[in-house]
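J.: There's a structure below that I have some questions on.
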Amino acid sequence: MSARQYHTGHIRNEIIDWINFDDDDPYLAKTPKSLRGINHPATRRLILPQRYVDCMFLAKLENGKVRIEATDWPAFLYDPAKADLDDVEQGLFTGDLLLHVFFAIFFGKSSALTGKFRKNSVADRNGMRKVTGRNIAYAAVQARFGISIAEKWDALDGHFNYADFYTEIVDFFEDYPDDKSVVDLLEWWNEYVPCFFYLITNSFDYSQTGLWAQKWM
């Protein structure tokens with residue numbers, strides 16, 4: 001089993017526990033996966049492109065008049081408190097669900113909500129010492145598949161191409177690595193994930209550190 005298959009299998013069920021539901025959202029069971037995507041309001045809010053949040057777009061999507069492609073950043077990539085429809089980069093790659101999935105992949109499922117990890121995590125085994133755009137892109141792909149209706153992994157989800165999605169995110173970080181917005185974003189991630197600098201310890205509780213406490217506590 002590949003690493004991608006392993007992570008896909010674990011995240012597809014656990015991701016439901018990491019979604020922020022509104023009070024009036026109907027219950028969403030972990031199975032079948034066909035209930036996700038645009039079929040449930042909570043996953044619909046996350047999987048639709050950030051700039052298309054109105055019901056008219058949803059109607060056009062269901063009628064096949066528009067389509068979602070890899071260049072359409074899904075809303076889960078954004079922190080809704082910072083997102084700005086007039087600025088596609090505002091709040092990008094700081095969304096709650098993206099962060100939960102990132103921690104689950106690199107530090108174990110329990111870290112997604114608790115802020116704790118132990119040695120022998122993926123990050124530890126691979127000697128990771130900083131967050132890169134490729135790490136974020138991988139987590140984004142897993143998150144997007146997790147909230148989709150697809151039961152089995154496929155590089156294509158309708159017109160949405162996961163390989164292109166991954167590449168688009170990597171290019172965002174690597175095409176202009178010295179751009180201030182890119183530098184600031186990676187600095188934010190590497191401040192937000194201080195446990196990268198404590199991998200030699202047996203256990204580190206980063207729920208007690210600044211950015212984690214500000215966002216989750």
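Residue numbering restarts at 1 for every chain of the structure tokens, chains are lettered A, B, ... in their displayed order, and ligands are numbered from 1 as they appear.
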Got a sec: who's within 6 Å of stretch 82-97 of chain A, counting only C-alpha atoms, leaving out chain neighbours fewer than 5 positions off, as a list of chain:residue names?
T.: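 Listing them by chain and then by number gives A:Arg51, A:Phe76, A:Leu77.
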J.: Return the single residue from A:Asp154, A:Phe165, A:Asp22, A:His10 that is closest to A:Tyr138, with distances computed using only C-alpha atoms.
T.: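 The shortest atom-to-atom distance to A:Tyr138 comes from A:Phe165.
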J.: Find the residues around A:Leu58 up to 10 Å (only C-alpha atoms counted), leave out those fewer than 6 positions away in its own chain, and share them as a list in words.
T.: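 Surrounding residues, per the criterion: Ile38, Arg44, Leu48, Tyr52, Gly64, Lys65, Val66 and Arg67 of chain A.
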J.: Those residues with all heavy atoms, as a compact mmCIF listing (two decimals), in the first residue's frame please?
T.:
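This is the output file out_37.txt:
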```
# COMPACT_ATOMS: atom_id res chain seq x y z
N ILE A 38 -21.28 18.38 -2.92
CA ILE A 38 -22.31 19.41 -2.93
C ILE A 38 -23.64 18.90 -2.38
O ILE A 38 -24.61 19.65 -2.32
CB ILE A 38 -22.52 19.98 -4.35
CG1 ILE A 38 -23.06 18.89 -5.30
CG2 ILE A 38 -21.24 20.59 -4.88
CD1 ILE A 38 -23.47 19.43 -6.66
N ARG A 44 -20.46 21.15 1.09
CA ARG A 44 -20.66 22.05 -0.06
C ARG A 44 -19.95 23.37 0.17
O ARG A 44 -19.30 23.91 -0.73
CB ARG A 44 -22.15 22.29 -0.28
CG ARG A 44 -22.48 23.15 -1.49
CD ARG A 44 -23.96 23.53 -1.49
NE ARG A 44 -24.78 22.35 -1.31
CZ ARG A 44 -25.91 22.32 -0.59
NH1 ARG A 44 -26.34 23.41 0.02
NH2 ARG A 44 -26.60 21.20 -0.48
N LEU A 48 -16.85 23.96 -2.77
CA LEU A 48 -17.08 24.92 -3.85
C LEU A 48 -15.96 25.96 -3.87
O LEU A 48 -15.37 26.27 -2.84
CB LEU A 48 -18.43 25.62 -3.67
CG LEU A 48 -19.68 24.80 -3.96
CD1 LEU A 48 -20.92 25.66 -3.75
CD2 LEU A 48 -19.66 24.22 -5.37
N TYR A 52 -17.23 31.47 -5.53
CA TYR A 52 -18.59 31.14 -5.95
C TYR A 52 -19.37 30.62 -4.75
O TYR A 52 -19.44 29.41 -4.52
CB TYR A 52 -18.57 30.09 -7.05
CG TYR A 52 -17.88 30.53 -8.31
CD1 TYR A 52 -16.91 29.72 -8.90
CD2 TYR A 52 -18.18 31.75 -8.91
CE1 TYR A 52 -16.27 30.12 -10.07
CE2 TYR A 52 -17.54 32.15 -10.07
CZ TYR A 52 -16.59 31.33 -10.65
OH TYR A 52 -15.95 31.73 -11.79
N GLY A 64 -24.82 21.54 -15.23
CA GLY A 64 -23.72 21.33 -16.15
C GLY A 64 -23.32 22.55 -16.94
O GLY A 64 -22.56 22.45 -17.92
N LYS A 65 -23.80 23.73 -16.54
CA LYS A 65 -23.48 24.95 -17.27
C LYS A 65 -22.12 25.52 -16.87
O LYS A 65 -21.54 26.32 -17.61
CB LYS A 65 -24.57 26.00 -17.04
CG LYS A 65 -25.92 25.60 -17.63
CD LYS A 65 -26.96 26.69 -17.41
CE LYS A 65 -28.30 26.30 -18.03
NZ LYS A 65 -29.33 27.35 -17.82
N VAL A 66 -21.64 25.15 -15.69
CA VAL A 66 -20.30 25.53 -15.26
C VAL A 66 -19.63 24.28 -14.70
O VAL A 66 -20.29 23.28 -14.41
CB VAL A 66 -20.33 26.64 -14.17
CG1 VAL A 66 -20.90 27.93 -14.72
CG2 VAL A 66 -21.10 26.17 -12.94
N ARG A 67 -18.33 24.34 -14.55
CA ARG A 67 -17.62 23.20 -13.98
C ARG A 67 -16.50 23.69 -13.08
O ARG A 67 -16.00 24.81 -13.24
CB ARG A 67 -17.07 22.31 -15.09
CG ARG A 67 -16.09 22.97 -16.04
CD ARG A 67 -15.83 22.07 -17.23
NE ARG A 67 -14.71 22.52 -18.04
CZ ARG A 67 -14.37 21.97 -19.20
NH1 ARG A 67 -15.06 20.93 -19.66
NH2 ARG A 67 -13.34 22.42 -19.89
```
J.: Enter the distance from atom CA of A:Pro41 to atom CA of A:Tyr192, in Å, rounded to one decimal.
T.: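 Atom CA of A:Pro41 sits 29.1 Å away from atom CA of A:Tyr192.
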J.: Running DSSP on the backbone, which parts of stretch 67-155 of chain A land in strand (DSSP E or B), as a PyMOL selection string?
T.: chain A and resi 74+78+84+87+92+116-118
J.: What lies within 7 Å of A:Ala140 using only C-alpha atoms, ignoring chain neighbours under 4 positions off, as an MDAnalysis selection string?
T.: chainID A and resid 98 136 144
J.: Report, in Å with one decimal, the straight-line distance from atom CA of A:Ala112 to atom CA of A:Ile15.
T.: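 Separation of atom CA of A:Ala112 and atom CA of A:Ile15: 9.4 Å.
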J.: Using only C-alpha atoms, can you tell me which of A:Gly133, A:Ala70, A:Phe160, A:Pro26 comes closest to A:Tyr176?
T.: A:Gly133
J.: Counting only C-alpha atoms, which of A:Val131, A:Thr71, A:Lys33, A:Met56 gets nearest to A:Val183?
T.: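 Checking each of A:Val131, A:Thr71, A:Lys33, A:Met56 against A:Val183, counting only C-alpha atoms, the winner is A:Val131.
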J.: Given the choices A:Ala59, A:Ile147, A:Leu99, A:His159, which gets closest to A:Leu28 if the distance is worked out from only C-alpha atoms?
T.: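 Among the listed residues, A:Ile147 lies closest to A:Leu28.
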